[in-house]
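Structure file my_file-v1.cif (mmCIF, C-alpha atoms) follows.
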data_target
loop_
_atom_site.label_atom_id
_atom_site.label_comp_id
_atom_site.auth_asym_id
_atom_site.auth_seq_id
_atom_site.Cartn_x
_atom_site.Cartn_y
_atom_site.Cartn_z
CA MET A 1 -28.16 -33.06 -5.46
CA SER A 2 -24.65 -31.74 -4.90
CA PRO A 3 -23.94 -28.17 -6.03
CA VAL A 4 -22.18 -27.54 -9.33
CA SER A 5 -18.63 -26.30 -8.76
CA ILE A 6 -17.54 -23.19 -10.66
CA PRO A 7 -13.81 -22.38 -10.54
CA VAL A 8 -13.27 -18.63 -10.05
CA ALA A 9 -9.95 -16.76 -9.98
CA TYR A 10 -9.48 -13.74 -7.76
CA MET A 11 -6.84 -11.45 -6.28
CA PRO A 12 -6.68 -11.01 -2.46
CA LEU A 13 -8.41 -7.64 -2.23
CA VAL A 14 -11.36 -6.25 -0.31
CA ASP A 15 -13.25 -5.83 -3.57
CA ALA A 16 -13.25 -9.61 -4.09
CA ALA A 17 -15.80 -9.62 -1.25
CA PRO A 18 -18.93 -10.38 -3.33
CA LEU A 19 -17.39 -13.67 -4.49
CA ILE A 20 -16.04 -14.66 -1.09
CA ILE A 21 -19.26 -13.70 0.69
CA ALA A 22 -21.37 -15.49 -1.92
CA GLN A 23 -19.57 -18.70 -1.04
CA GLU A 24 -19.19 -18.21 2.72
CA MET A 25 -22.69 -16.89 3.47
CA GLY A 26 -24.61 -19.43 1.39
CA PHE A 27 -25.73 -17.27 -1.53
CA ALA A 28 -23.96 -19.60 -3.95
CA GLU A 29 -25.40 -22.68 -2.27
CA ALA A 30 -28.89 -21.21 -2.56
CA GLU A 31 -28.35 -21.10 -6.34
CA GLY A 32 -27.16 -24.71 -6.42
CA ILE A 33 -23.52 -23.85 -7.07
CA ALA A 34 -20.25 -23.84 -5.14
CA LEU A 35 -17.53 -21.32 -5.92
CA ASP A 36 -14.06 -22.87 -6.07
CA LEU A 37 -12.19 -19.66 -5.29
CA ILE A 38 -8.62 -19.77 -6.57
CA PRO A 39 -6.23 -17.00 -5.44
CA ALA A 40 -3.82 -15.71 -8.07
CA PRO A 41 -0.38 -14.11 -7.58
CA SER A 42 -0.92 -11.36 -10.17
CA TRP A 43 -3.50 -9.83 -12.46
CA SER A 44 -1.82 -11.31 -15.53
CA SER A 45 -2.35 -14.72 -13.90
CA VAL A 46 -6.04 -13.97 -13.35
CA ARG A 47 -6.44 -12.94 -16.99
CA ASP A 48 -4.61 -15.97 -18.33
CA MET A 49 -6.40 -18.43 -16.03
CA LEU A 50 -9.71 -17.19 -17.42
CA ALA A 51 -8.66 -16.76 -21.04
CA PHE A 52 -7.10 -20.23 -21.30
CA GLY A 53 -9.85 -22.12 -19.48
CA ARG A 54 -8.28 -22.83 -16.08
CA VAL A 55 -11.31 -21.11 -14.50
CA ASP A 56 -14.78 -20.24 -15.75
CA ALA A 57 -15.08 -16.82 -14.12
CA ALA A 58 -12.87 -14.19 -12.55
CA HIS A 59 -12.66 -11.14 -10.32
CA MET A 60 -11.21 -8.84 -12.99
CA LEU A 61 -9.90 -5.31 -13.40
CA SER A 62 -12.60 -3.45 -15.33
CA PRO A 63 -10.32 -2.28 -18.20
CA VAL A 64 -8.97 -5.77 -18.99
CA PRO A 65 -11.93 -7.09 -21.07
CA VAL A 66 -12.03 -3.74 -22.89
CA ALA A 67 -8.28 -3.79 -23.59
CA MET A 68 -8.52 -7.35 -24.89
CA ALA A 69 -11.38 -6.37 -27.21
CA MET A 70 -9.13 -3.59 -28.53
CA GLY A 71 -6.29 -6.01 -29.24
CA LEU A 72 -4.11 -4.83 -26.37
CA GLY A 73 -2.08 -7.10 -24.11
CA GLY A 74 -1.38 -10.01 -26.44
CA VAL A 75 -4.32 -12.22 -25.33
CA SER A 76 -7.27 -12.24 -27.72
CA THR A 77 -9.87 -14.46 -26.00
CA ALA A 78 -13.25 -12.74 -26.02
CA LEU A 79 -14.36 -11.90 -22.48
CA SER A 80 -17.66 -10.58 -21.18
CA ALA A 81 -18.00 -8.35 -18.12
CA VAL A 82 -21.41 -9.47 -16.92
CA SER A 83 -21.55 -7.48 -13.67
CA VAL A 84 -19.56 -4.81 -11.88
CA LEU A 85 -18.34 -6.39 -8.64
CA SER A 86 -17.20 -3.14 -7.04
CA VAL A 87 -17.19 0.61 -7.56
CA ASN A 88 -14.23 2.63 -6.23
CA GLY A 89 -12.00 1.22 -3.47
CA ASN A 90 -8.53 2.46 -4.51
CA VAL A 91 -6.08 4.66 -2.60
CA LEU A 92 -3.15 6.77 -3.75
CA GLY A 93 -0.17 6.88 -1.39
CA VAL A 94 3.40 8.14 -1.15
CA GLY A 95 6.59 6.78 0.38
CA HIS A 96 8.61 8.28 3.22
CA ALA A 97 10.69 10.62 1.07
CA LEU A 98 7.69 12.25 -0.61
CA GLU A 99 5.73 12.30 2.63
CA ALA A 100 8.55 14.18 4.38
CA ARG A 101 8.88 16.70 1.55
CA LEU A 102 5.12 17.27 1.45
CA ARG A 103 5.00 17.88 5.20
CA SER A 104 7.98 20.26 4.93
CA ILE A 105 5.89 22.64 2.77
CA GLY A 106 2.90 22.35 5.09
CA TYR A 107 0.78 19.93 3.09
CA GLY A 108 -1.90 18.60 5.44
CA PHE A 109 -2.92 15.28 3.82
CA ASP A 110 -6.56 16.37 3.87
CA PHE A 111 -7.47 13.39 1.63
CA THR A 112 -10.09 15.37 -0.30
CA ASP A 113 -8.50 17.73 -2.83
CA PRO A 114 -6.76 16.15 -5.85
CA VAL A 115 -5.81 19.53 -7.32
CA SER A 116 -3.97 20.66 -4.17
CA ALA A 117 -2.36 17.23 -3.80
CA ALA A 118 -1.02 17.42 -7.36
CA GLN A 119 0.23 20.98 -6.84
CA ALA A 120 2.07 19.93 -3.68
CA LEU A 121 3.64 16.91 -5.39
CA ALA A 122 4.70 19.02 -8.36
CA GLN A 123 6.35 21.45 -5.94
CA VAL A 124 8.45 18.85 -4.09
CA ARG A 125 9.28 16.25 -6.72
CA GLU A 126 12.81 15.93 -8.03
CA GLY A 127 11.75 14.34 -11.31
CA PRO A 128 8.89 12.16 -12.58
CA ILE A 129 7.19 10.32 -9.73
CA VAL A 130 7.28 6.53 -10.09
CA PHE A 131 3.85 5.15 -9.20
CA GLY A 132 3.35 1.47 -8.51
CA VAL A 133 0.13 0.06 -9.96
CA PRO A 134 -1.20 -3.50 -10.04
CA PHE A 135 -1.47 -3.90 -13.84
CA PRO A 136 -0.98 -1.87 -17.04
CA PHE A 137 -4.67 -2.16 -17.97
CA SER A 138 -6.38 -1.02 -14.78
CA MET A 139 -8.52 1.73 -13.34
CA HIS A 140 -5.49 2.59 -11.19
CA VAL A 141 -3.55 3.60 -14.30
CA GLU A 142 -6.46 5.44 -15.88
CA LEU A 143 -7.21 7.43 -12.71
CA LEU A 144 -3.55 8.37 -12.31
CA ARG A 145 -3.20 9.48 -15.92
CA TYR A 146 -6.48 11.39 -15.88
CA TRP A 147 -5.41 13.17 -12.69
CA SER A 148 -1.86 13.97 -13.76
CA ARG A 149 -2.85 15.28 -17.20
CA ALA A 150 -5.41 17.65 -15.73
CA THR A 151 -3.25 19.05 -12.91
CA ALA A 152 0.13 20.60 -12.16
CA LEU A 153 1.76 17.15 -12.32
CA GLY A 154 1.36 17.03 -16.08
CA GLU A 155 1.32 14.07 -18.42
CA ASP A 156 5.07 13.55 -18.06
CA GLY A 157 5.06 14.01 -14.30
CA ILE A 158 4.46 10.34 -13.50
CA VAL A 159 5.97 7.01 -14.50
CA ILE A 160 3.94 3.80 -14.18
CA ARG A 161 5.50 0.59 -12.82
CA THR A 162 3.63 -2.70 -12.27
CA VAL A 163 3.69 -4.20 -8.76
CA PRO A 164 1.30 -6.96 -7.55
CA PRO A 165 -0.99 -5.53 -4.82
CA PRO A 166 0.34 -7.65 -1.90
CA LEU A 167 3.89 -6.50 -2.71
CA MET A 168 3.12 -2.77 -2.90
CA ALA A 169 4.22 -1.90 0.65
CA SER A 170 7.54 -3.72 0.30
CA ALA A 171 8.19 -2.10 -3.11
CA LEU A 172 7.56 1.30 -1.55
CA GLU A 173 9.82 0.59 1.41
CA ALA A 174 12.59 -0.69 -0.85
CA GLY A 175 12.45 2.45 -2.97
CA ASP A 176 11.39 0.57 -6.11
CA VAL A 177 8.49 3.03 -6.40
CA ASP A 178 7.95 6.54 -5.01
CA ALA A 179 4.19 6.26 -4.67
CA PHE A 180 1.31 3.94 -5.51
CA CYS A 181 -2.29 3.51 -6.50
CA VAL A 182 -3.70 0.24 -5.20
CA GLY A 183 -6.85 -1.39 -3.91
CA GLU A 184 -7.41 -2.01 -0.23
CA PRO A 185 -6.25 -3.44 2.09
CA TRP A 186 -2.79 -2.98 0.56
CA GLY A 187 -2.65 0.80 0.97
CA SER A 188 -3.52 0.41 4.63
CA VAL A 189 -0.90 -2.32 4.94
CA ALA A 190 1.69 0.20 3.71
CA VAL A 191 0.56 2.61 6.44
CA GLU A 192 0.65 -0.09 9.11
CA GLN A 193 4.16 -1.10 8.07
CA ALA A 194 5.18 2.59 8.23
CA ALA A 195 6.21 2.42 4.58
CA GLY A 196 4.30 5.55 3.60
CA ALA A 197 1.14 7.65 3.86
CA LEU A 198 -2.14 7.77 1.97
CA LEU A 199 -2.63 10.83 -0.21
CA LEU A 200 -6.07 10.48 -1.82
CA PRO A 201 -8.91 8.01 -2.26
CA GLY A 202 -9.70 7.07 -5.84
CA THR A 203 -13.15 8.61 -5.32
CA ALA A 204 -11.51 12.05 -5.21
CA ILE A 205 -10.66 11.66 -8.92
CA TRP A 206 -13.81 9.88 -10.15
CA SER A 207 -16.58 9.42 -7.63
CA PHE A 208 -18.14 6.37 -9.33
CA ALA A 209 -15.39 4.43 -11.06
CA PRO A 210 -16.12 0.79 -12.00
CA GLU A 211 -13.20 -0.98 -10.35
CA LYS A 212 -13.65 -4.76 -10.67
CA VAL A 213 -15.99 -6.78 -12.84
CA LEU A 214 -17.25 -10.33 -12.86
CA ALA A 215 -15.73 -11.60 -16.11
CA VAL A 216 -16.36 -14.82 -18.01
CA ARG A 217 -15.33 -16.12 -21.41
CA THR A 218 -17.94 -15.08 -23.92
CA ASP A 219 -18.25 -18.61 -25.28
CA TRP A 220 -18.86 -19.93 -21.75
CA ALA A 221 -21.59 -17.31 -21.24
CA GLU A 222 -23.26 -18.55 -24.41
CA THR A 223 -22.96 -22.28 -23.70
CA GLU A 224 -23.68 -22.16 -19.93
CA PRO A 225 -26.39 -19.52 -19.50
CA ASN A 226 -27.97 -21.35 -16.56
CA LEU A 227 -24.72 -21.51 -14.57
CA LEU A 228 -23.91 -17.92 -15.49
CA GLY A 229 -27.26 -16.73 -14.16
CA ARG A 230 -26.77 -18.60 -10.89
CA LEU A 231 -23.30 -17.10 -10.47
CA MET A 232 -24.50 -13.57 -11.22
CA ARG A 233 -27.44 -13.79 -8.82
CA ALA A 234 -25.28 -15.22 -6.02
CA THR A 235 -22.71 -12.41 -6.29
CA TRP A 236 -25.44 -9.75 -6.62
CA ARG A 237 -27.09 -10.97 -3.42
CA ALA A 238 -23.70 -10.99 -1.69
CA GLY A 239 -23.14 -7.38 -2.78
CA ARG A 240 -26.55 -6.43 -1.42
CA TRP A 241 -25.69 -8.11 1.88
CA LEU A 242 -22.41 -6.18 2.04
CA SER A 243 -24.25 -2.87 1.64
CA ASN A 244 -25.55 -3.17 5.22
CA PRO A 245 -23.05 -1.50 7.62
CA GLU A 246 -24.16 -3.86 10.39
CA VAL A 247 -22.49 -6.83 8.64
CA HIS A 248 -19.09 -5.21 8.15
CA ALA A 249 -17.56 -6.85 11.22
CA THR A 250 -18.66 -10.29 10.04
CA ALA A 251 -17.50 -9.59 6.50
CA SER A 252 -14.12 -8.37 7.74
CA ASP A 253 -13.61 -11.54 9.78
CA LEU A 254 -14.45 -13.74 6.79
CA LEU A 255 -12.26 -11.86 4.33
CA ALA A 256 -9.36 -11.79 6.79
CA ARG A 257 -9.05 -15.57 6.88
CA LYS A 258 -5.74 -17.05 5.78
CA ALA A 259 -7.43 -18.67 2.80
CA TYR A 260 -8.48 -15.26 1.47
CA LEU A 261 -6.70 -11.96 2.31
CA ASP A 262 -4.70 -13.13 5.35
CA VAL A 263 -4.54 -9.70 7.00
CA SER A 264 -6.03 -8.17 10.13
CA PRO A 265 -9.85 -7.82 10.08
CA GLU A 266 -9.36 -4.25 11.30
CA LEU A 267 -7.57 -3.32 8.06
CA ILE A 268 -10.44 -4.73 6.01
CA ASP A 269 -13.02 -2.89 8.09
CA ARG A 270 -11.30 0.40 7.28
CA ALA A 271 -12.16 -0.07 3.61
CA LEU A 272 -15.70 -1.34 4.20
CA SER A 273 -16.48 1.58 6.53
CA GLY A 274 -14.47 4.21 4.64
CA HIS A 275 -12.78 5.16 7.92
CA LEU A 276 -9.13 5.14 6.89
CA THR A 277 -5.91 5.73 8.80
CA VAL A 278 -3.77 7.74 6.39
CA SER A 279 -0.38 7.86 8.09
CA ALA A 280 1.80 6.25 10.74
CA ARG A 281 0.96 9.30 12.87
CA GLY A 282 -2.55 7.90 13.24
CA GLU A 283 -4.28 10.61 11.19
CA GLN A 284 -7.74 9.42 10.19
CA ARG A 285 -10.10 10.40 7.39
CA GLN A 286 -13.68 9.41 6.59
CA VAL A 287 -14.56 8.77 2.94
CA GLU A 288 -18.21 8.36 2.02
CA GLY A 289 -18.71 5.73 -0.67
CA PHE A 290 -15.10 4.60 -0.46
CA VAL A 291 -16.11 1.23 -1.93
CA GLU A 292 -19.59 0.30 -3.12
CA PHE A 293 -20.96 -3.12 -3.99
CA HIS A 294 -24.69 -2.53 -4.43
CA GLN A 295 -26.25 0.90 -3.91
CA GLY A 296 -27.07 3.03 -6.93
CA ALA A 297 -27.11 0.05 -9.31
CA ALA A 298 -23.40 -0.38 -8.59
CA SER A 299 -23.38 -3.84 -10.18
CA PHE A 300 -24.81 -2.66 -13.51
CA PRO A 301 -22.24 -2.84 -16.36
CA TRP A 302 -22.90 0.47 -18.12
CA ARG A 303 -21.64 0.45 -21.70
CA SER A 304 -20.76 4.11 -21.28
CA GLN A 305 -18.22 3.02 -18.66
CA ALA A 306 -16.68 0.65 -21.21
CA LYS A 307 -16.56 3.48 -23.76
CA TRP A 308 -14.82 5.79 -21.28
CA ILE A 309 -12.22 3.11 -20.60
CA ALA A 310 -11.79 2.49 -24.35
CA GLU A 311 -11.26 6.18 -25.04
CA ARG A 312 -8.66 6.46 -22.29
CA LEU A 313 -6.85 3.37 -23.61
CA ARG A 314 -6.99 4.73 -27.15
CA GLN A 315 -5.33 7.97 -26.07
CA SER A 316 -2.71 6.27 -23.91
CA HIS A 317 -1.72 3.66 -26.49
CA GLY A 318 -1.82 5.83 -29.59
CA ILE A 319 -4.70 4.00 -31.28
CA ALA A 320 -6.19 5.91 -34.19
CA GLU A 321 -9.81 6.95 -34.09
CA GLY A 322 -12.33 5.05 -36.17
CA ALA A 323 -12.51 1.74 -34.32
CA ASP A 324 -15.89 0.10 -33.73
CA TRP A 325 -16.42 1.47 -30.22
CA GLN A 326 -19.94 0.06 -30.10
CA ALA A 327 -18.50 -3.45 -30.47
CA VAL A 328 -15.86 -2.75 -27.81
CA ALA A 329 -18.50 -1.37 -25.44
CA ARG A 330 -20.52 -4.55 -25.78
CA VAL A 331 -18.00 -6.43 -23.64
CA PHE A 332 -19.87 -4.76 -20.74
CA ARG A 333 -22.90 -7.05 -20.96
CA SER A 334 -25.83 -4.95 -19.81
CA ASP A 335 -28.00 -7.31 -21.89
CA LEU A 336 -27.01 -10.40 -19.89
CA HIS A 337 -27.23 -8.42 -16.66
CA ARG A 338 -30.88 -7.62 -17.41
CA VAL A 339 -31.69 -11.21 -18.40
CA HIS A 340 -30.20 -12.90 -15.37
CA LEU A 341 -30.79 -10.33 -12.62
CA GLY A 342 -34.29 -9.45 -13.71
CA GLN A 343 -35.28 -12.67 -11.95
CA THR A 344 -34.23 -11.18 -8.59
CA GLY A 345 -36.75 -8.37 -8.81
CA CYS A 346 -34.00 -5.75 -8.51
CA ASP A 347 -34.64 -2.36 -10.05
CA LEU A 348 -32.50 -2.04 -13.19
CA PRO A 349 -31.78 1.13 -15.20
CA GLY A 350 -33.92 1.74 -18.26
CA ALA A 351 -30.88 2.67 -20.35
CA SER A 352 -27.54 0.94 -20.92
CA GLU A 353 -25.50 4.13 -21.29
CA LYS A 354 -25.34 7.44 -19.45
CA VAL A 355 -23.28 10.61 -19.59
CA GLU A 356 -20.37 9.83 -17.27
CA GLY A 357 -19.43 12.55 -14.80
CA ALA A 358 -22.73 14.41 -15.10
CA MET A 359 -24.22 13.65 -11.67
CA PRO A 360 -22.82 15.80 -8.83
CA HIS A 361 -25.62 14.56 -6.57
CA ALA A 362 -27.70 11.41 -6.14
CA THR A 363 -30.17 11.38 -9.05
CA PRO A 364 -33.43 9.46 -9.67
CA VAL A 365 -33.48 7.84 -13.13
CA ALA A 366 -35.87 5.88 -15.29
CA SER A 367 -35.84 2.22 -14.32
CA ALA A 368 -37.78 -0.99 -14.53
CA GLY A 369 -39.30 -0.51 -11.08
CA GLY A 370 -39.43 3.26 -11.14
CA ALA A 371 -37.54 3.74 -7.88
CA LEU A 372 -33.86 3.74 -8.80
CA THR A 373 -31.54 6.52 -7.62
CA LEU A 374 -28.00 6.62 -8.96
CA LEU A 375 -25.17 7.77 -6.71
CA PRO A 376 -23.05 10.87 -7.45
CA ASN A 377 -20.92 10.44 -10.55
CA ARG A 378 -18.44 13.25 -11.25
CA PHE A 379 -14.85 13.72 -12.29
CA PHE A 380 -12.74 16.02 -10.12
CA ASP A 381 -12.27 18.50 -12.99
CA ASP A 382 -16.03 18.60 -13.74
CA CYS A 383 -15.53 17.28 -17.27
CA ILE A 384 -18.17 14.95 -18.67
CA PHE A 385 -17.94 12.03 -21.04
CA ASP A 386 -20.78 11.70 -23.56
CA PRO A 387 -20.77 8.13 -24.92
CA ASP A 388 -22.69 9.24 -28.01
CA ALA A 389 -19.78 11.48 -28.97
CA SER A 390 -17.22 8.67 -28.86
#
Output the file's structure as structure tokens, nothing else.
Amino acid sequence: MSPVSIPVAYMPLVDAAPLIIAQEMGFAEAEGIALDLIPAPSWSSVRDMLAFGRVDAAHMLSPVPVAMAMGLGGVSTALSAVSVLSVNGNVLGVGHALEARLRSIGYGFDFTDPVSAAQALAQVREGPIVFGVPFPFSMHVELLRYWSRATALGEDGIVIRTVPPPLMASALEAGDVDAFCVGEPWGSVAVEQAAGALLLPGTAIWSFAPEKVLAVRTDWAETEPNLLGRLMRATWRAGRWLSNPEVHATASDLLARKAYLDVSPELIDRALSGHLTVSARGEQRQVEGFVEFHQGAASFPWRSQAKWIAERLRQSHGIAEGADWQAVARVFRSDLHRVHLGQTGCDLPGASEKVEGAMPHATPVASAGGALTLLPNRFFDDCIFDPDAS
């Protein structure tokens, strides 16, 4: 029997790896499906392809289903985030002008301290810093705003401008933006093209930020539960495969193909290994947990993550309190995740919400198998987000 084809939209980013690997390494075939992976030119295209039925599933920015449930963005199709495809994986960078000014005051690009980085930027800027981001509803925007509001940059110290990820380096070089927050490999591409330097990894702001999700239309999830389960299990197994450092070279070669990211495998390996080159001078930094696909229940769609995103969107877009946040949070489908991944024997959390930012260290938690340890989860300013208080 031939496999059932499932059309899936994605953006050419390292964190699309679970979908690409699921297809290339046979995890999809083992579930009796074939992923028809369709690259998109922008995140709005990904959203619209899914919302209007061009594809059945998508590699999606984690805030998009939440924003749509809140009535933001002009597209009202109900989406479900059934798994988290990737945690972390973003970089913040600056163009030549800011890099030169930062070096002139002795800033060392240590890649670890968001408070010092903000202080240095505030000292050398000549006005609000224009940051390029991939989409208005994205973790990139929420990390930038969280960081700026809590540091010397201030809420009015940055301006957000949308630039598709593959165009970020050229926008920086052309002076259309002063700086950026983008997923790999496009930050490293900017370094390789000598368009700028990397300032911080996203992990320096939030150490366990849900970056991309596997999103489907809610009606499709309800009418095609069998196909949904096969898709979720295939991508989960691909994420588990990616968690082994010994496969990074193979993964980099696959992702680098012209049909997918069409960049050097070496640039992709930087993200998978967390060993990043941060400037044209060749300065290198190691970031533990730079991008995570599996460890620490990385794929689990915590409803507390959805609530954190919803609260940030509410503040940024001037939405009054009093909305049904429980209903919004339910777009992160921990229920479907349990149903369909329970068949794999993986150890799933016993709860569907947690206090975000409250784990400075790896922490054992109650789980179905009794052996689950969550990875560090803290915000750089040591604030916590209690979902029960939202």
A:Val91, A:Leu79, A:Ala57, A:Ala389: which is nearest Thr203 in chain A, counting all atoms listed in the file?
->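 Nearest candidate to Thr203 in chain A out of A:Val91, A:Leu79, A:Ala57, A:Ala389: A:Val91.
Of note, CA of Phe109 in chain A and CA of Gln284 in chain A are spaced 9.9 Å apart.
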Which residue of A:Ala238, A:Leu13, A:Met139, A:Val331 approaches Ala221 in chain A most closely, using only C-alpha atoms =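 Using only C-alpha atoms, the shortest distance to Ala221 in chain A belongs to A:Val331.
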Closest to Leu121 in chain A among A:Gly89, A:Pro3, A:Pro301, A:Gly154, using all atoms listed in the file?
->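 Among the listed residues, A:Gly154 lies closest to Leu121 in chain A.
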Nearest-residue call for Phe380 in chain A, choices A:Leu50, A:Ala256, A:Leu143, A:Met11, using only C-alpha atoms =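 Of the candidates, the smallest distance to Phe380 in chain A is held by A:Leu143.
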Give me the residues within 7 Å of Ile129 in chain A as a ChimeraX atom specification, counting only C-alpha atoms and dropping any in the same chain fewer than 4 places off.
-> /A:125,157-159,178
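Omitting Pro136 in chain A and its sequence neighbours fewer than 5 positions away, and counting only C-alpha atoms, the residues within 9 Å are A:Gly73, A:Val141, A:Ile160, A:Arg161, A:Thr162.
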Write out the residues from the selection above, keeping C-alpha atoms, as a tab-separated table (two decimals), in the coordinates of the input.
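Writing the result to part-v7.tsv gives the following:
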chain	number	residue	atom	x	y	z
A	73	GLY	CA	-2.08	-7.10	-24.11
A	141	VAL	CA	-3.55	3.60	-14.30
A	160	ILE	CA	3.94	3.80	-14.18
A	161	ARG	CA	5.50	0.59	-12.82
A	162	THR	CA	3.63	-2.70	-12.27
Skipping near chain neighbours, those fewer than 3 positions away, what residues fall within 10 Å of Val87 in chain A using all atoms listed in the file, listed as a list in words?
->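 Residues meeting the cut-off are Asp15, Ser62, Val84, Asn90, Thr203, Ser207, Phe208, Ala209, Pro210, Glu211, Lys212, Val213, Gly289, Phe290, Val291, Glu292, Phe293, His294, Gln295, Ala298 and Ser299 of chain A.
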Which residues match the PyMOL selection byres ((chain A and resi 43) around 8) in the file above, as a ChimeraX atom specification?
-> /A:11,40-42,44-47,60-61,134-135,164
Quick one: distance from CA of Arg314 in chain A to CA of Arg333 in chain A in Å, one decimal?
->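 Going from CA of Arg314 in chain A over to CA of Arg333 in chain A covers 20.7 Å.
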What separation in Å, quoted to one decimal, exists between CA of Asp262 in chain A and CA of His96 in chain A?
->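 Going from CA of Asp262 in chain A over to CA of His96 in chain A covers 25.3 Å.
Once the PyMOL selection byres ((chain A and resi 21) around 10) is applied to this file, the selection holds A:Ala16, A:Ala17, A:Pro18, A:Leu19, A:Ile20, A:Ala22, A:Gln23, A:Glu24, A:Met25, A:Gly26, A:Phe27, A:Ala28, A:Ala234, A:Thr235, A:Arg237, A:Ala238, A:Gly239, A:Trp241, A:Leu242, A:Thr250, A:Ala251, A:Leu254, A:Leu255.
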Arg54 in chain A surroundings by all atoms listed in the file, 12 Å radius, close-in-sequence under 2 positions cut, as a PyMOL selection string | chain A and resi 6-9+36-38+40+45-52+56-58+216-217
Could you save the residues just selected, with C-alpha atoms, as a PDB file, in the frame of the given file?
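Listing of again_38.pdb after writing:
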ATOM      1  CA  ILE A   6     -17.540 -23.190 -10.660  1.00  0.00           C
ATOM      2  CA  PRO A   7     -13.810 -22.380 -10.540  1.00  0.00           C
ATOM      3  CA  VAL A   8     -13.270 -18.630 -10.050  1.00  0.00           C
ATOM      4  CA  ALA A   9      -9.950 -16.760  -9.980  1.00  0.00           C
ATOM      5  CA  ASP A  36     -14.060 -22.870  -6.070  1.00  0.00           C
ATOM      6  CA  LEU A  37     -12.190 -19.660  -5.290  1.00  0.00           C
ATOM      7  CA  ILE A  38      -8.620 -19.770  -6.570  1.00  0.00           C
ATOM      8  CA  ALA A  40      -3.820 -15.710  -8.070  1.00  0.00           C
ATOM      9  CA  SER A  45      -2.350 -14.720 -13.900  1.00  0.00           C
ATOM     10  CA  VAL A  46      -6.040 -13.970 -13.350  1.00  0.00           C
ATOM     11  CA  ARG A  47      -6.440 -12.940 -16.990  1.00  0.00           C
ATOM     12  CA  ASP A  48      -4.610 -15.970 -18.330  1.00  0.00           C
ATOM     13  CA  MET A  49      -6.400 -18.430 -16.030  1.00  0.00           C
ATOM     14  CA  LEU A  50      -9.710 -17.190 -17.420  1.00  0.00           C
ATOM     15  CA  ALA A  51      -8.660 -16.760 -21.040  1.00  0.00           C
ATOM     16  CA  PHE A  52      -7.100 -20.230 -21.300  1.00  0.00           C
ATOM     17  CA  ASP A  56     -14.780 -20.240 -15.750  1.00  0.00           C
ATOM     18  CA  ALA A  57     -15.080 -16.820 -14.120  1.00  0.00           C
ATOM     19  CA  ALA A  58     -12.870 -14.190 -12.550  1.00  0.00           C
ATOM     20  CA  VAL A 216     -16.360 -14.820 -18.010  1.00  0.00           C
ATOM     21  CA  ARG A 217     -15.330 -16.120 -21.410  1.00  0.00           C
TER      22      ARG A 217
END
So which one's closest to Gln123 in chain A, A:Leu144, A:Ala249, A:Leu200, A:Ala152? Using all atoms listed in the file, please.
->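 Residue with the minimum atom-to-atom distance to Gln123 in chain A: A:Ala152.
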Nearest to Leu102 in chain A by atom-to-atom distance, counting all atoms listed in the file, from A:Val263, A:Leu85, A:Ala120, A:Ala197 | A:Ala120
Where does range 214-330 of chain A meet range 384-388 of chain A within 9 Å, residue by residue, with the nearest atom pair and distance in Å to one decimal for each, counting only C-alpha atoms, listed by chain and rising number, as CSV?
residue,atom,partner,partner_atom,distance
A:Arg303,CA,A:Pro387,CA,8.4
A:Ser304,CA,A:Pro387,CA,5.4
A:Gln305,CA,A:Pro387,CA,8.5
A:Lys307,CA,A:Pro387,CA,6.4
A:Trp308,CA,A:Phe385,CA,7.0
For range 303-316 of chain A, take all atoms listed in the file, fit an axis-aligned box around them, add 8 Å to each of the six sides, then output centre and edge lengths in Å rounded to one decimal, as AutoDock Vina command-line options.
--center_x -12.2 --center_y 4.2 --center_z -22.9 --size_x 34.9 --size_y 23.5 --size_z 24.5
